[in-house]
Amino acid sequence: MRLNIPGKFLLPALLMACGLWPAALRAQVLTEGATSYNEVPEEVVIKSESEEKLRTARPPLKIKTEEFETIRKSLAPDRDLFLSESGDFMSLSRNYPERLFSGRMIQPWRAGFSDKTVIAFYPRRKFEEVFNKNYTEKTAKGMDWTLSVTDEEGKIFHKYSGSGLPPEFIDWTGENDQREWIKAGHNYAPIYVFVDNAGTPRTVVGDVIKFTAIVFQKGASLTVSLDSVSVFGPTKSMKTVDKVQGEALLSATADLIKRRYYNLPVKVNVYAQTKELAESQAGQIRDFLGKELMAGESVIASEGFEESYARQRIDIVLLNK
């Protein structure tokens with residue numbers, strides 16, 4: 001676009017176009033311009049430097065988003081870990097309730113024993129180990145086997161025998177045919193004897209059997225028989241309960257009574273070198289169990305007996321029938 005405007009009117013014209021020229025002066029300029037036809041106007045050309053065309057297209061929509069916005073909280077560190085207390089500064093009295101460690105509470109992690117004794121033997125495994133081959137009922141026909149449980153004097157306490165293929169396992173309660181039970185603290189050895197078809201015997205000694213405590217039912221009473229060595233030392237003559245093995249064994253006994261036979265009458269029988277020592281030891285056990293079971297003197301009784309060293313023991317009798 002080209003406009004022909006005289007030079008002297010160029011500045012006023014620009015000011016009027018921009019609305020910066022007063023109305024009165026604007027009229028004056030127009031009047032002067034209208035009466036000056038004899039002057040040759042200077043030619044002024046106004047050009048735009050931009051070559052862009054008018055566009056109607058909208059720019060692309062740009063919205064900033066956070067990729068981890070939905071899981072940002074889960075990526076944050078666990079502040080509780082920074083507030084946790086080191087094990088070096090923990091104390092049982094502060095971090096655990098006192099009741100949990102009370103001697104009167106049942107403590108499952110403490111070594112205990114069951115009220116049903118089961119001793120397992122595996123004669124077939126021993127049989128095949130001796131002959132170094134696997135047998136069947138047919139191939140073992142004509143062969144004999146014997147399993148004898150012997151005491152510390154070498155006497156047979158209990159015996160199993162048969163012919164052919166031995167059973168895979170035998171569960172023994174610890175009682176023999178004479179209604180006698182194995183004694184706590186004593187060693188018993190299983191001896192296997194296998195005789196082949198030619199009549200040649202082969203003998204194998206199994207692992208030694210020894211219990212610090214054994215539980216058995218005899219008549220109307222349940223007896224918990226304990227090893228005196230574990231409770232009163234190697235000589236069985238201590239007048240106080242051993243702090244390590246003795247208290248642990250008596251605590252396990254108390255746990256058994258709490259679980260199955262609570263509030264039943266209890267009698268402590270101690271067999272020691274002298275009657276005086278036996279009564280003193282029986283009193284120690286009675287007081288210990290009374291504290292553990294929260295039982296009075298009317299519930300727990302005690303008595304001492306004189307006995308030889310080999311037969312010295314502790315019997316805790318419960319009237320459960």
# chains A, B, ... in the order shown; residues from 1 in each chain; ligands from 1
call {"tool": "residues_around", "arguments": {"residues": "A:Ser163", "least_positions_apart": "4", "cutoff": "8 Å", "atoms": "only C-alpha atoms", "output": "list of chain:residue names"}}
result
A:Lys141, A:Gly142, A:Met143, A:Asp144, A:Trp145
call {"tool": "select_by_dssp", "arguments": {"residues": "stretch 116-320 of chain A", "states": "alpha helix (DSSP H)", "output": "number ranges by chain"}}
result
A: 123-131, 228-232, 245-260, 275-293
call {"tool": "write_last_selection", "arguments": {"atoms": "C-alpha atoms", "output": "PDB file, in the first residue's frame"}}
result
ATOM      1  CA  PRO A 123      15.761-102.182  61.849  1.00  0.00           C
ATOM      2  CA  ARG A 124      15.288-102.490  58.074  1.00  0.00           C
ATOM      3  CA  ARG A 125      17.743 -99.670  57.423  1.00  0.00           C
ATOM      4  CA  LYS A 126      20.318-101.367  59.643  1.00  0.00           C
ATOM      5  CA  PHE A 127      19.552-104.707  57.987  1.00  0.00           C
ATOM      6  CA  GLU A 128      20.259-103.370  54.497  1.00  0.00           C
ATOM      7  CA  GLU A 129      23.356-101.480  55.677  1.00  0.00           C
ATOM      8  CA  VAL A 130      24.833-104.690  57.098  1.00  0.00           C
ATOM      9  CA  PHE A 131      24.300-106.752  53.944  1.00  0.00           C
ATOM     10  CA  SER A 228      19.457 -86.140  89.488  1.00  0.00           C
ATOM     11  CA  VAL A 229      22.784 -85.318  87.801  1.00  0.00           C
ATOM     12  CA  SER A 230      21.143 -82.550  85.755  1.00  0.00           C
ATOM     13  CA  VAL A 231      19.404 -81.056  88.792  1.00  0.00           C
ATOM     14  CA  PHE A 232      21.946 -81.529  91.614  1.00  0.00           C
ATOM     15  CA  GLN A 245      20.663 -77.432  83.734  1.00  0.00           C
ATOM     16  CA  GLY A 246      18.666 -77.898  86.919  1.00  0.00           C
ATOM     17  CA  GLU A 247      16.484 -74.804  86.702  1.00  0.00           C
ATOM     18  CA  ALA A 248      15.934 -75.313  82.957  1.00  0.00           C
ATOM     19  CA  LEU A 249      14.767 -78.892  83.530  1.00  0.00           C
ATOM     20  CA  LEU A 250      12.450 -77.931  86.387  1.00  0.00           C
ATOM     21  CA  SER A 251      11.065 -75.006  84.368  1.00  0.00           C
ATOM     22  CA  ALA A 252      10.285 -77.377  81.495  1.00  0.00           C
ATOM     23  CA  THR A 253       8.530 -79.654  83.972  1.00  0.00           C
ATOM     24  CA  ALA A 254       6.487 -76.722  85.242  1.00  0.00           C
ATOM     25  CA  ASP A 255       5.563 -75.806  81.657  1.00  0.00           C
ATOM     26  CA  LEU A 256       4.283 -79.342  81.068  1.00  0.00           C
ATOM     27  CA  ILE A 257       2.134 -79.154  84.194  1.00  0.00           C
ATOM     28  CA  LYS A 258       0.775 -75.725  83.221  1.00  0.00           C
ATOM     29  CA  ARG A 259      -0.226 -76.917  79.755  1.00  0.00           C
ATOM     30  CA  ARG A 260      -1.844 -80.225  80.635  1.00  0.00           C
ATOM     31  CA  LYS A 275      17.349 -89.464 103.732  1.00  0.00           C
ATOM     32  CA  GLU A 276      18.320 -86.068 105.141  1.00  0.00           C
ATOM     33  CA  LEU A 277      19.865 -84.984 101.828  1.00  0.00           C
ATOM     34  CA  ALA A 278      16.882 -86.344  99.911  1.00  0.00           C
ATOM     35  CA  GLU A 279      14.426 -84.361 102.029  1.00  0.00           C
ATOM     36  CA  SER A 280      16.482 -81.189 101.613  1.00  0.00           C
ATOM     37  CA  GLN A 281      16.600 -81.613  97.833  1.00  0.00           C
ATOM     38  CA  ALA A 282      12.891 -82.423  97.719  1.00  0.00           C
ATOM     39  CA  GLY A 283      12.170 -79.190  99.588  1.00  0.00           C
ATOM     40  CA  GLN A 284      14.209 -77.210  97.049  1.00  0.00           C
ATOM     41  CA  ILE A 285      12.235 -78.670  94.155  1.00  0.00           C
ATOM     42  CA  ARG A 286       8.925 -78.182  95.972  1.00  0.00           C
ATOM     43  CA  ASP A 287       9.660 -74.492  96.542  1.00  0.00           C
ATOM     44  CA  PHE A 288      10.782 -74.001  92.935  1.00  0.00           C
ATOM     45  CA  LEU A 289       7.667 -75.622  91.470  1.00  0.00           C
ATOM     46  CA  GLY A 290       5.441 -73.820  93.955  1.00  0.00           C
ATOM     47  CA  LYS A 291       6.741 -70.490  92.711  1.00  0.00           C
ATOM     48  CA  GLU A 292       6.466 -71.481  89.044  1.00  0.00           C
ATOM     49  CA  LEU A 293       2.960 -72.911  89.394  1.00  0.00           C
TER      50      LEU A 293
END
call {"tool": "closest_residue", "arguments": {"among": "A:Ser298, A:Thr240, A:Ser148, A:Ser225", "to": "A:Arg313", "atoms": "only C-alpha atoms"}}
result
A:Ser225
call {"tool": "residues_around", "arguments": {"residues": "A:Gln273", "least_positions_apart": "3", "cutoff": "7 Å", "atoms": "only C-alpha atoms", "output": "VMD selection string"}}
result
chain A and resid 277 306 to 309
call {"tool": "write_last_selection", "arguments": {"atoms": "C-alpha atoms", "output": "tab-separated table (two decimals), in the first residue's frame"}}
result
chain	number	residue	atom	x	y	z
A	277	LEU	CA	19.87	-84.98	101.83
A	306	GLU	CA	17.64	-93.06	100.77
A	307	GLU	CA	18.84	-94.94	97.70
A	308	SER	CA	22.02	-96.22	96.04
A	309	TYR	CA	23.81	-93.97	93.56
call {"tool": "atom_distance", "arguments": {"atom1": "atom CA of A:Phe194", "atom2": "atom CA of A:Glu175"}}
result
23.7 Å
